[in-house]
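Asks: What follows is input17.cif, mmCIF, C-alpha atoms and all ligand atoms.
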data_my_file
loop_
_atom_site.group_PDB
_atom_site.id
_atom_site.type_symbol
_atom_site.label_atom_id
_atom_site.label_comp_id
_atom_site.auth_asym_id
_atom_site.auth_seq_id
_atom_site.Cartn_x
_atom_site.Cartn_y
_atom_site.Cartn_z
ATOM 1 C CA MET A 204 152.226 125.132 105.915
ATOM 2 C CA THR A 205 152.084 127.214 102.774
ATOM 3 C CA THR A 206 153.708 130.590 102.571
ATOM 4 C CA THR A 207 151.923 133.479 100.977
ATOM 5 C CA PRO A 208 154.145 135.450 98.655
ATOM 6 C CA SER A 209 154.681 139.032 99.680
ATOM 7 C CA PRO A 210 152.469 141.368 97.632
ATOM 8 C CA LYS A 211 155.630 143.310 96.790
ATOM 9 C CA ALA A 212 157.463 140.301 95.373
ATOM 10 C CA PRO A 213 158.367 141.002 91.732
ATOM 11 C CA PRO A 214 156.424 138.878 89.265
ATOM 12 C CA LYS A 215 158.311 135.918 87.856
ATOM 13 C CA LEU A 216 158.633 136.879 84.235
ATOM 14 C CA PRO A 217 158.975 134.450 81.352
ATOM 15 C CA LEU A 218 162.411 134.213 79.800
ATOM 16 C CA ALA A 219 163.622 134.431 76.230
ATOM 17 C CA THR A 220 166.875 133.014 74.880
ATOM 18 C CA ILE A 221 169.167 134.986 72.604
ATOM 19 C CA SER A 222 169.428 132.645 69.647
ATOM 20 C CA ARG A 223 171.534 134.888 67.423
ATOM 21 C CA ARG A 224 173.449 138.161 67.557
ATOM 22 C CA VAL A 225 174.815 140.322 64.742
ATOM 23 C CA ASP A 226 176.930 143.405 65.448
ATOM 24 C CA VAL A 227 176.367 146.283 63.017
ATOM 25 C CA THR A 228 178.771 148.900 64.418
ATOM 26 C CA HIS A 229 180.571 149.260 67.751
ATOM 27 C CA ASP A 230 177.332 150.485 69.351
ATOM 28 C CA LEU A 231 174.547 148.981 67.237
ATOM 29 C CA TRP A 232 173.555 145.336 67.152
ATOM 30 C CA LYS A 233 170.699 142.977 66.380
ATOM 31 C CA ILE A 234 169.501 140.084 68.483
ATOM 32 C CA TRP A 235 166.969 137.367 67.865
ATOM 33 C CA LEU A 236 164.999 136.109 70.871
ATOM 34 C CA ARG A 237 163.300 132.767 71.317
ATOM 35 C CA PRO A 238 160.587 133.351 73.949
ATOM 36 C CA GLU A 239 159.815 130.431 76.251
ATOM 37 C CA VAL A 240 156.085 131.210 76.163
ATOM 38 C CA PRO A 241 154.085 132.153 73.030
ATOM 39 C CA PHE A 242 154.502 135.845 72.301
ATOM 40 C CA LYS A 243 151.956 137.639 70.140
ATOM 41 C CA PHE A 244 152.302 141.140 68.763
ATOM 42 C CA LYS A 245 151.171 143.428 65.982
ATOM 43 C CA PRO A 246 153.656 145.028 63.535
ATOM 44 C CA GLY A 247 154.802 148.309 65.094
ATOM 45 C CA GLN A 248 154.491 147.154 68.718
ATOM 46 C CA TYR A 249 157.268 146.760 71.272
ATOM 47 C CA CYS A 250 158.305 144.158 73.812
ATOM 48 C CA THR A 251 159.695 144.662 77.298
ATOM 49 C CA ILE A 252 162.857 142.759 78.095
ATOM 50 C CA GLY A 253 165.111 142.873 81.104
ATOM 51 C CA VAL A 254 167.960 141.487 83.162
ATOM 52 C CA ASP A 255 167.697 141.081 86.949
ATOM 53 C CA GLY A 256 164.558 143.226 87.074
ATOM 54 C CA LEU A 257 165.980 146.109 85.008
ATOM 55 C CA GLU A 258 163.588 146.368 82.057
ATOM 56 C CA ARG A 259 163.327 148.465 78.918
ATOM 57 C CA ALA A 260 161.057 148.686 75.869
ATOM 58 C CA TYR A 261 162.261 147.556 72.428
ATOM 59 C CA SER A 262 160.302 147.870 69.208
ATOM 60 C CA ILE A 263 160.119 144.648 67.266
ATOM 61 C CA VAL A 264 161.808 144.325 63.865
ATOM 62 C CA SER A 265 160.398 140.948 62.909
ATOM 63 C CA SER A 266 156.930 140.337 61.575
ATOM 64 C CA PRO A 267 154.544 138.235 63.662
ATOM 65 C CA TYR A 268 155.017 135.448 61.073
ATOM 66 C CA GLU A 269 158.648 134.920 62.010
ATOM 67 C CA PRO A 270 159.501 132.266 64.599
ATOM 68 C CA GLU A 271 161.833 134.555 66.580
ATOM 69 C CA VAL A 272 161.606 138.112 67.844
ATOM 70 C CA GLU A 273 164.226 140.334 66.221
ATOM 71 C CA LEU A 274 165.441 143.500 67.970
ATOM 72 C CA PHE A 275 167.830 146.256 66.887
ATOM 73 C CA ILE A 276 169.546 147.951 69.813
ATOM 74 C CA GLU A 277 171.752 150.996 70.298
ATOM 75 C CA LEU A 278 174.239 151.083 73.149
ATOM 76 C CA VAL A 279 173.844 154.008 75.536
ATOM 77 C CA PRO A 280 177.249 153.839 77.228
ATOM 78 C CA PRO A 281 177.631 154.085 80.989
ATOM 79 C CA PRO A 282 177.143 156.099 83.101
ATOM 80 C CA ASP A 283 173.940 157.149 81.257
ATOM 81 C CA GLY A 284 172.908 153.775 79.904
ATOM 82 C CA ASN A 285 171.720 151.109 82.310
ATOM 83 C CA LEU A 286 170.349 148.050 80.533
ATOM 84 C CA THR A 287 172.091 148.427 77.174
ATOM 85 C CA PRO A 288 175.633 148.040 78.588
ATOM 86 C CA ILE A 289 174.454 144.737 80.107
ATOM 87 C CA LEU A 290 172.707 143.593 76.908
ATOM 88 C CA HIS A 291 175.759 144.570 74.887
ATOM 89 C CA ARG A 292 177.839 142.032 76.807
ATOM 90 C CA MET A 293 175.330 139.221 76.230
ATOM 91 C CA GLY A 294 175.614 136.624 73.507
ATOM 92 C CA THR A 295 173.968 133.581 72.024
ATOM 93 C CA GLY A 296 172.464 131.194 74.559
ATOM 94 C CA GLU A 297 172.026 133.795 77.298
ATOM 95 C CA ARG A 298 168.560 134.689 78.564
ATOM 96 C CA VAL A 299 166.608 137.840 79.296
ATOM 97 C CA SER A 300 163.199 138.307 80.876
ATOM 98 C CA MET A 301 160.442 139.089 78.421
ATOM 99 C CA ARG A 302 157.010 140.353 79.438
ATOM 100 C CA PRO A 303 154.408 138.102 77.843
ATOM 101 C CA ARG A 304 152.383 140.928 76.336
ATOM 102 C CA ALA A 305 153.504 143.267 73.583
ATOM 103 C CA LYS A 306 152.451 146.895 73.870
ATOM 104 C CA GLY A 307 152.168 150.006 71.765
ATOM 105 C CA ILE A 308 149.885 151.826 69.376
ATOM 106 C CA PHE A 309 152.469 152.819 66.756
ATOM 107 C CA LEU A 310 150.660 150.735 64.166
ATOM 108 C CA MET A 311 149.945 151.161 60.481
ATOM 109 C CA GLN A 312 146.780 153.230 60.110
ATOM 110 C CA ASP A 313 145.055 151.442 57.242
ATOM 111 C CA GLN A 314 142.601 154.238 56.552
ATOM 112 C CA TYR A 315 145.376 156.324 54.966
ATOM 113 C CA VAL A 316 146.554 155.424 51.458
ATOM 114 C CA ASN A 317 149.996 157.020 51.862
ATOM 115 C CA HIS A 318 152.398 156.368 54.729
ATOM 116 C CA LEU A 319 155.400 158.683 55.006
ATOM 117 C CA MET A 320 157.707 157.073 57.568
ATOM 118 C CA LEU A 321 160.658 158.998 59.039
ATOM 119 C CA SER A 322 163.234 157.478 61.350
ATOM 120 C CA THR A 323 166.573 157.984 63.006
ATOM 121 C CA VAL A 324 168.840 154.918 63.417
ATOM 122 C CA THR A 325 166.915 152.354 65.535
ATOM 123 C CA GLY A 326 163.661 154.207 64.812
ATOM 124 C CA VAL A 327 163.406 152.289 61.533
ATOM 125 C CA VAL A 328 162.476 149.140 63.458
ATOM 126 C CA PRO A 329 158.646 149.405 63.459
ATOM 127 C CA TYR A 330 158.602 150.249 59.738
ATOM 128 C CA VAL A 331 160.535 147.099 58.894
ATOM 129 C CA SER A 332 158.018 145.013 60.828
ATOM 130 C CA ILE A 333 155.065 146.783 59.189
ATOM 131 C CA LEU A 334 156.514 146.327 55.691
ATOM 132 C CA ARG A 335 157.598 142.702 56.192
ATOM 133 C CA SER A 336 154.065 141.917 57.376
ATOM 134 C CA TYR A 337 152.380 143.878 54.578
ATOM 135 C CA LEU A 338 154.417 142.032 51.957
ATOM 136 C CA HIS A 339 153.952 138.659 53.650
ATOM 137 C CA ASP A 340 150.183 139.196 53.542
ATOM 138 C CA ASN A 341 150.455 140.144 49.876
ATOM 139 C CA ARG A 342 148.447 143.285 50.565
ATOM 140 C CA ARG A 343 147.988 146.129 48.091
ATOM 141 C CA GLY A 344 146.247 149.507 48.063
ATOM 142 C CA HIS A 345 148.692 151.520 50.191
ATOM 143 C CA ARG A 346 151.924 153.357 49.407
ATOM 144 C CA PHE A 347 154.934 153.570 51.728
ATOM 145 C CA PHE A 348 157.708 156.145 51.678
ATOM 146 C CA VAL A 349 160.488 155.377 54.153
ATOM 147 C CA LEU A 350 162.947 158.212 54.876
ATOM 148 C CA GLN A 351 165.724 156.795 57.038
ATOM 149 C CA GLY A 352 168.297 159.031 58.702
ATOM 150 C CA ALA A 353 171.578 158.409 60.495
ATOM 151 C CA SER A 354 174.814 160.276 61.092
ATOM 152 C CA TYR A 355 176.841 157.671 59.186
ATOM 153 C CA HIS A 356 175.973 155.325 56.340
ATOM 154 C CA ASP A 357 177.142 152.256 58.272
ATOM 155 C CA GLU A 358 174.427 152.961 60.843
ATOM 156 C CA LEU A 359 171.733 152.641 58.157
ATOM 157 C CA THR A 360 170.758 149.142 59.205
ATOM 158 C CA TYR A 361 167.996 147.415 57.183
ATOM 159 C CA ASP A 362 168.912 149.698 54.267
ATOM 160 C CA LYS A 363 169.616 146.737 51.979
ATOM 161 C CA GLU A 364 166.323 145.098 52.885
ATOM 162 C CA LEU A 365 164.339 148.317 52.445
ATOM 163 C CA GLY A 366 166.145 149.102 49.192
ATOM 164 C CA GLU A 367 165.306 145.649 47.893
ATOM 165 C CA MET A 368 161.670 146.009 48.906
ATOM 166 C CA ALA A 369 161.552 149.305 47.005
ATOM 167 C CA ARG A 370 163.195 147.778 43.919
ATOM 168 C CA ASN A 371 160.807 144.819 43.972
ATOM 169 C CA HIS A 372 157.719 146.984 44.540
ATOM 170 C CA PRO A 373 158.416 150.361 42.904
ATOM 171 C CA GLY A 374 154.689 151.030 42.603
ATOM 172 C CA PHE A 375 154.127 151.248 46.340
ATOM 173 C CA ILE A 376 157.423 151.306 48.272
ATOM 174 C CA THR A 377 159.940 154.172 48.126
ATOM 175 C CA TYR A 378 163.085 154.175 50.232
ATOM 176 C CA VAL A 379 165.338 157.200 50.810
ATOM 177 C CA PRO A 380 168.335 156.936 53.163
ATOM 178 C CA THR A 381 170.149 160.084 54.280
ATOM 179 C CA VAL A 382 173.262 160.812 56.322
ATOM 180 C CA SER A 383 173.455 163.952 58.397
ATOM 181 C CA ARG A 384 177.267 164.283 58.128
ATOM 182 C CA PRO A 385 177.914 163.594 54.435
ATOM 183 C CA LYS A 386 181.305 165.353 54.418
ATOM 184 C CA GLU A 387 182.882 163.312 57.210
ATOM 185 C CA GLU A 388 185.468 160.693 56.328
ATOM 186 C CA ARG A 389 183.329 157.853 57.700
ATOM 187 C CA ASN A 390 180.795 158.753 54.973
ATOM 188 C CA GLN A 391 183.367 158.841 52.180
ATOM 189 C CA GLY A 392 181.857 157.669 48.901
ATOM 190 C CA TRP A 393 178.289 158.356 50.023
ATOM 191 C CA THR A 394 176.237 159.508 47.054
ATOM 192 C CA GLY A 395 172.759 159.505 48.575
ATOM 193 C CA GLU A 396 170.836 162.266 50.330
ATOM 194 C CA GLY A 397 172.579 164.473 52.873
ATOM 195 C CA GLY A 398 171.129 166.254 55.887
ATOM 196 C CA ARG A 399 168.987 165.326 58.833
ATOM 197 C CA VAL A 400 165.950 163.304 57.875
ATOM 198 C CA ASN A 401 163.486 165.845 59.301
ATOM 199 C CA THR A 402 164.870 168.578 57.050
ATOM 200 C CA LEU A 403 163.918 166.513 53.986
ATOM 201 C CA LEU A 404 160.234 166.446 54.843
ATOM 202 C CA GLU A 405 159.029 169.326 52.653
ATOM 203 C CA LYS A 406 161.207 168.244 49.725
ATOM 204 C CA TYR A 407 159.779 164.719 49.652
ATOM 205 C CA VAL A 408 156.202 165.768 50.369
ATOM 206 C CA ALA A 409 156.433 167.954 47.247
ATOM 207 C CA LYS A 410 158.422 165.459 45.151
ATOM 208 C CA LEU A 411 156.068 162.590 45.957
ATOM 209 C CA GLY A 412 152.965 164.749 45.594
ATOM 210 C CA LEU A 413 151.644 163.823 49.046
ATOM 211 C CA LYS A 414 148.489 165.462 50.399
ATOM 212 C CA PRO A 415 147.237 165.612 53.998
ATOM 213 C CA ILE A 416 143.854 164.142 53.099
ATOM 214 C CA ASP A 417 145.214 160.650 52.412
ATOM 215 C CA THR A 418 148.690 160.704 53.989
ATOM 216 C CA LEU A 419 149.841 159.933 57.515
ATOM 217 C CA ILE A 420 153.344 160.932 58.613
ATOM 218 C CA TYR A 421 155.093 158.620 61.092
ATOM 219 C CA ALA A 422 158.115 159.733 63.118
ATOM 220 C CA CYS A 423 160.117 157.299 65.236
ATOM 221 C CA GLY A 424 163.371 157.513 67.151
ATOM 222 C CA HIS A 425 165.189 160.652 68.280
ATOM 223 C CA PRO A 426 162.863 163.021 70.211
ATOM 224 C CA GLY A 427 164.394 166.121 68.584
ATOM 225 C CA MET A 428 163.663 164.720 65.114
ATOM 226 C CA ILE A 429 160.091 163.933 66.144
ATOM 227 C CA GLU A 430 159.473 167.431 67.521
ATOM 228 C CA ASP A 431 160.731 168.995 64.305
ATOM 229 C CA VAL A 432 158.705 166.647 62.089
ATOM 230 C CA LYS A 433 155.584 167.531 64.077
ATOM 231 C CA VAL A 434 156.168 171.243 63.502
ATOM 232 C CA ARG A 435 156.980 170.825 59.801
ATOM 233 C CA GLY A 436 154.141 168.351 59.241
ATOM 234 C CA ALA A 437 151.574 170.521 61.026
ATOM 235 C CA ALA A 438 152.640 173.565 58.972
ATOM 236 C CA LEU A 439 151.706 171.593 55.843
ATOM 237 C CA GLY A 440 148.450 170.317 57.377
ATOM 238 C CA PHE A 441 149.545 166.690 57.968
ATOM 239 C CA GLU A 442 148.709 164.379 60.871
ATOM 240 C CA VAL A 443 151.846 163.012 62.548
ATOM 241 C CA GLN A 444 151.963 159.761 64.519
ATOM 242 C CA GLU A 445 154.993 159.421 66.790
ATOM 243 C CA GLU A 446 156.981 156.907 68.804
ATOM 244 C CA ARG A 447 159.659 158.349 71.093
ATOM 245 C CA PHE A 448 162.434 156.039 72.195
ATOM 246 C CA TRP A 449 163.532 158.408 74.950
ATOM 247 C CA LYS A 450 162.724 161.832 76.331
ATOM 248 C CA ASP A 451 164.772 164.921 75.518
ATOM 249 C CA ASP A 452 164.951 166.102 79.115
ATOM 250 C CA GLU A 453 166.082 162.771 80.632
HETATM 251 C C1 LIG A 501 158.308 152.360 72.866
HETATM 252 C C2 LIG A 501 159.821 152.296 72.894
HETATM 253 C C3 LIG A 501 160.510 151.538 71.956
HETATM 254 C C4 LIG A 501 161.897 151.496 71.970
HETATM 255 N N1 LIG A 501 162.550 150.769 71.022
HETATM 256 C C5 LIG A 501 163.903 150.752 70.991
HETATM 257 C C6 LIG A 501 164.607 150.028 69.973
HETATM 258 O O1 LIG A 501 164.016 149.405 69.075
HETATM 259 N N2 LIG A 501 165.965 150.051 70.007
HETATM 260 C C7 LIG A 501 166.666 150.732 70.977
HETATM 261 O O2 LIG A 501 167.906 150.705 70.972
HETATM 262 N N3 LIG A 501 166.009 151.437 71.940
HETATM 263 C C8 LIG A 501 164.664 151.442 71.988
HETATM 264 N N4 LIG A 501 164.017 152.125 72.978
HETATM 265 C C9 LIG A 501 164.815 152.734 74.059
HETATM 266 C C10 LIG A 501 165.059 151.680 75.167
HETATM 267 O O3 LIG A 501 163.849 151.416 75.833
HETATM 268 C C11 LIG A 501 166.086 152.144 76.198
HETATM 269 O O4 LIG A 501 165.688 153.362 76.758
HETATM 270 C C12 LIG A 501 167.480 152.288 75.590
HETATM 271 O O5 LIG A 501 167.897 151.041 75.049
HETATM 272 C C13 LIG A 501 168.503 152.714 76.635
HETATM 273 O O6 LIG A 501 168.419 151.838 77.708
HETATM 274 P P1 LIG A 501 169.413 151.987 78.958
HETATM 275 O O7 LIG A 501 168.795 151.244 80.109
HETATM 276 O O8 LIG A 501 170.797 151.593 78.579
HETATM 277 O O9 LIG A 501 169.417 153.529 79.256
HETATM 278 P P2 LIG A 501 168.230 154.302 79.997
HETATM 279 O O10 LIG A 501 168.378 154.126 81.470
HETATM 280 O O11 LIG A 501 166.920 153.879 79.411
HETATM 281 O O12 LIG A 501 168.504 155.752 79.543
HETATM 282 C C14 LIG A 501 169.639 156.463 79.994
HETATM 283 C C15 LIG A 501 169.660 157.823 79.356
HETATM 284 O O13 LIG A 501 169.889 157.724 77.941
HETATM 285 C C16 LIG A 501 168.819 158.303 77.195
HETATM 286 N N5 LIG A 501 168.636 157.436 76.020
HETATM 287 C C17 LIG A 501 167.894 156.304 75.908
HETATM 288 N N6 LIG A 501 168.037 155.761 74.676
HETATM 289 C C18 LIG A 501 168.887 156.574 74.009
HETATM 290 C C19 LIG A 501 169.448 156.537 72.714
HETATM 291 N N7 LIG A 501 169.171 155.577 71.819
HETATM 292 N N8 LIG A 501 170.299 157.534 72.372
HETATM 293 C C20 LIG A 501 170.612 158.511 73.222
HETATM 294 N N9 LIG A 501 170.122 158.596 74.478
HETATM 295 C C21 LIG A 501 169.267 157.639 74.863
HETATM 296 C C22 LIG A 501 167.651 158.321 78.154
HETATM 297 O O14 LIG A 501 166.754 159.343 77.867
HETATM 298 C C23 LIG A 501 168.343 158.566 79.491
HETATM 299 O O15 LIG A 501 168.669 159.914 79.644
HETATM 300 C C24 LIG A 501 162.622 152.205 72.968
HETATM 301 C C25 LIG A 501 161.923 152.951 73.922
HETATM 302 C C26 LIG A 501 160.559 153.019 73.879
HETATM 303 C C27 LIG A 501 159.837 153.857 74.919
#
Translate the structure of the given file into structure tokens.
Ligand SMILES: Cc1cc2nc3c(=O)[nH]c(=O)nc-3n(C[C@H](O)[C@H](O)[C@H](O)COP(=O)(O)OP(=O)(O)OC[C@H]3O[C@@H](n4cnc5c(N)ncnc54)[C@H](O)[C@@H]3O)c2cc1C

Replies:
Amino acid sequence: MTTTPSPKAPPKLPLATISRRVDVTHDLWKIWLRPEVPFKFKPGQYCTIGVDGLERAYSIVSSPYEPEVELFIELVPPPDGNLTPILHRMGTGERVSMRPRAKGIFLMQDQYVNHLMLSTVTGVVPYVSILRSYLHDNRRGHRFFVLQGASYHDELTYDKELGEMARNHPGFITYVPTVSRPKEERNQGWTGEGGRVNTLLEKYVAKLGLKPIDTLIYACGHPGMIEDVKVRGAALGFEVQEERFWKDDE
């Protein structure tokens, strides 16, 4: 006799193995996942991973050309955080569930020449994927301006990679990191921009000579930053494309 699975039974999700882990700060880390089934995605999309049925979305750092799926995760400590405290305890060789389909529409909009990309901490993730892919494909014809914000300079993950991209391609990649607490001891020696990334919008729009007709503004990460960028961008006549990692009222 065969048994019919209950319609409410959770789907058996494919697994992915953590092949590598790098800790950035006490609450920020990167993992690389090796999915057990082929996993396709577009730069800017996210995957859904989980442990024991508890699932969350994570934007993908890697480009689709890379053999493993790279993620950059921030710990939301208990009691607020649910999955991240579990993920934070996991290391190489351990497995998570991984939905087989990537999702998301936070993609590069090719029809714009200029792409002004603002992020807070982990919000830089989709831009790294977009830029790695753009450079891998040896594309030209667009210009990218990445403004990356964090409270502290040691949270500015992917800053070396983005800085190198900008140095290697000064004609079409500009990278500006900023720390919102430049006077704090943890930021001692910081000589770059200071202030929240959203407050730099008007300055860099003017400095870079960006115009709404051929520029799209992207905002990813902290919901408060996104709201402010939308207001500032709209006041200057720009379209803003957003990806919120969480809701303000949660
Ligand atoms: C499309 C999408 C892409 C995402 N990509 C990433 C990513 O690349 N890296 C990443 O770390 N997270 C990302 N997130 C957030 C992620 O899905 C989880 O919400 C987050 O990791 C916290 O999970 P949790 O289960 O520990 O806490 P949750 O149960 O999800 O949230 C608990 C509480 O913390 C709030 N919260 C969630 N995240 C944060 C945060 N970073 N800082 C402060 N408060 C927060 C929630 O609003 C809620 O109130 C993304 C979310 C979305 C929707």

Asks: If the PyMOL selection byres (((chain A and resi 399-401) around 6) and not hetatm) were run on this exact file, what residues would it hold? Put them as a PyMOL selection string.

Replies: chain A and resi 352+383+398+402-404+428+432

Asks: Would you list the residues that come within 8 Å of ligand LIG 501 (chain A)? Count all atoms listed in the file and give the answer as a VMD selection string.

Replies: chain A and resid 231 248 to 250 257 to 264 274 to 281 283 to 289 307 325 to 326 328 to 329 424 to 425 446 to 453

Asks: Set the distance at 8 Å and use only C-alpha atoms: which residues neighbour Tyr421 (chain A) once local chain neighbours fewer than 4 positions away are removed? I'd like the list as a VMD selection string.

Replies: chain A and resid 318 to 321 443 to 445

Asks: To one decimal place, how far is CA of Val349 (chain A) from CA of Tyr315 (chain A) in Å?

Replies: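 Between CA of Val349 (chain A) and CA of Tyr315 (chain A) the gap works out to 15.2 Å.
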
Asks: Tell me, as a VMD selection string, which residues lie within 8 Å of region 216-225 of chain A, counting all atoms listed in the file; anything in the same chain fewer than 3 positions away does not count.

Replies: chain A and resid 232 to 240 294 to 303

Asks: So, counting only C-alpha atoms, which residue among A:His356, A:Ala422, A:Ile252, A:Asp362 is closest to Asn390 (chain A)?

Replies: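 Ranking A:His356, A:Ala422, A:Ile252, A:Asp362 by distance to Asn390 (chain A), first place goes to A:His356.
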
Asks: Hey, can you check how far CA of Pro241 (chain A) sits from CA of His291 (chain A)?

Replies: 25.0 Å

Asks: Given only C-alpha atoms as the basis, pick out the residue of A:Glu396, A:Ser336, A:Val316, A:Ile376 nearest to Tyr355 (chain A).

Replies: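 Of A:Glu396, A:Ser336, A:Val316, A:Ile376, the one nearest Tyr355 (chain A), counting only C-alpha atoms, is A:Glu396.
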
Asks: Since the input lacks atoms, please generate all heavy atoms for region 425-432 of chain A and provide them as a PDB file, in the frame of the given file.

Replies:
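File produced: rebuild30.pdb:
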ATOM      1  N   HIS A 425     164.642 159.519  67.532  1.00  0.00           N
ATOM      2  CA  HIS A 425     165.189 160.652  68.280  1.00  0.00           C
ATOM      3  C   HIS A 425     164.097 161.688  68.594  1.00  0.00           C
ATOM      4  O   HIS A 425     163.399 162.147  67.668  1.00  0.00           O
ATOM      5  CB  HIS A 425     166.284 161.293  67.425  1.00  0.00           C
ATOM      6  CG  HIS A 425     167.129 162.269  68.174  1.00  0.00           C
ATOM      7  ND1 HIS A 425     166.649 163.445  68.681  1.00  0.00           N
ATOM      8  CD2 HIS A 425     168.441 162.218  68.495  1.00  0.00           C
ATOM      9  CE1 HIS A 425     167.616 164.087  69.289  1.00  0.00           C
ATOM     10  NE2 HIS A 425     168.714 163.361  69.195  1.00  0.00           N
ATOM     11  N   PRO A 426     163.937 162.078  69.865  1.00  0.00           N
ATOM     12  CA  PRO A 426     162.863 163.021  70.211  1.00  0.00           C
ATOM     13  C   PRO A 426     162.977 164.379  69.511  1.00  0.00           C
ATOM     14  O   PRO A 426     161.954 164.989  69.167  1.00  0.00           O
ATOM     15  CB  PRO A 426     162.976 163.182  71.734  1.00  0.00           C
ATOM     16  CG  PRO A 426     164.257 162.543  72.127  1.00  0.00           C
ATOM     17  CD  PRO A 426     164.672 161.613  71.046  1.00  0.00           C
ATOM     18  N   GLY A 427     164.213 164.837  69.276  1.00  0.00           N
ATOM     19  CA  GLY A 427     164.394 166.121  68.584  1.00  0.00           C
ATOM     20  C   GLY A 427     163.894 166.043  67.143  1.00  0.00           C
ATOM     21  O   GLY A 427     163.254 166.978  66.633  1.00  0.00           O
ATOM     22  N   MET A 428     164.159 164.927  66.480  1.00  0.00           N
ATOM     23  CA  MET A 428     163.663 164.720  65.114  1.00  0.00           C
ATOM     24  C   MET A 428     162.138 164.723  65.125  1.00  0.00           C
ATOM     25  O   MET A 428     161.489 165.360  64.284  1.00  0.00           O
ATOM     26  CB  MET A 428     164.209 163.391  64.572  1.00  0.00           C
ATOM     27  CG  MET A 428     163.752 163.019  63.174  1.00  0.00           C
ATOM     28  SD  MET A 428     162.139 162.216  63.097  1.00  0.00           S
ATOM     29  CE  MET A 428     162.525 160.553  63.609  1.00  0.00           C
ATOM     30  N   ILE A 429     161.560 164.043  66.087  1.00  0.00           N
ATOM     31  CA  ILE A 429     160.091 163.933  66.144  1.00  0.00           C
ATOM     32  C   ILE A 429     159.462 165.312  66.331  1.00  0.00           C
ATOM     33  O   ILE A 429     158.499 165.676  65.654  1.00  0.00           O
ATOM     34  CB  ILE A 429     159.676 162.969  67.280  1.00  0.00           C
ATOM     35  CG1 ILE A 429     160.126 161.547  66.928  1.00  0.00           C
ATOM     36  CG2 ILE A 429     158.165 163.028  67.527  1.00  0.00           C
ATOM     37  CD1 ILE A 429     159.955 160.536  68.038  1.00  0.00           C
ATOM     38  N   GLU A 430     160.017 166.086  67.270  1.00  0.00           N
ATOM     39  CA  GLU A 430     159.473 167.431  67.521  1.00  0.00           C
ATOM     40  C   GLU A 430     159.481 168.257  66.247  1.00  0.00           C
ATOM     41  O   GLU A 430     158.516 168.935  65.902  1.00  0.00           O
ATOM     42  CB  GLU A 430     160.316 168.144  68.590  1.00  0.00           C
ATOM     43  CG  GLU A 430     159.922 167.839  70.008  1.00  0.00           C
ATOM     44  CD  GLU A 430     158.427 168.011  70.259  1.00  0.00           C
ATOM     45  OE1 GLU A 430     157.850 169.047  69.842  1.00  0.00           O
ATOM     46  OE2 GLU A 430     157.818 167.107  70.857  1.00  0.00           O
ATOM     47  N   ASP A 431     160.596 168.199  65.523  1.00  0.00           N
ATOM     48  CA  ASP A 431     160.731 168.995  64.305  1.00  0.00           C
ATOM     49  C   ASP A 431     159.773 168.512  63.209  1.00  0.00           C
ATOM     50  O   ASP A 431     159.170 169.320  62.505  1.00  0.00           O
ATOM     51  CB  ASP A 431     162.186 168.962  63.822  1.00  0.00           C
ATOM     52  CG  ASP A 431     162.444 170.017  62.765  1.00  0.00           C
ATOM     53  OD1 ASP A 431     162.076 171.184  63.000  1.00  0.00           O
ATOM     54  OD2 ASP A 431     162.979 169.673  61.698  1.00  0.00           O
ATOM     55  N   VAL A 432     159.634 167.198  63.093  1.00  0.00           N
ATOM     56  CA  VAL A 432     158.705 166.647  62.089  1.00  0.00           C
ATOM     57  C   VAL A 432     157.271 167.081  62.405  1.00  0.00           C
ATOM     58  O   VAL A 432     156.490 167.393  61.503  1.00  0.00           O
ATOM     59  CB  VAL A 432     158.832 165.099  62.018  1.00  0.00           C
ATOM     60  CG1 VAL A 432     157.663 164.482  61.264  1.00  0.00           C
ATOM     61  CG2 VAL A 432     160.145 164.713  61.363  1.00  0.00           C
TER      62      VAL A 432
END
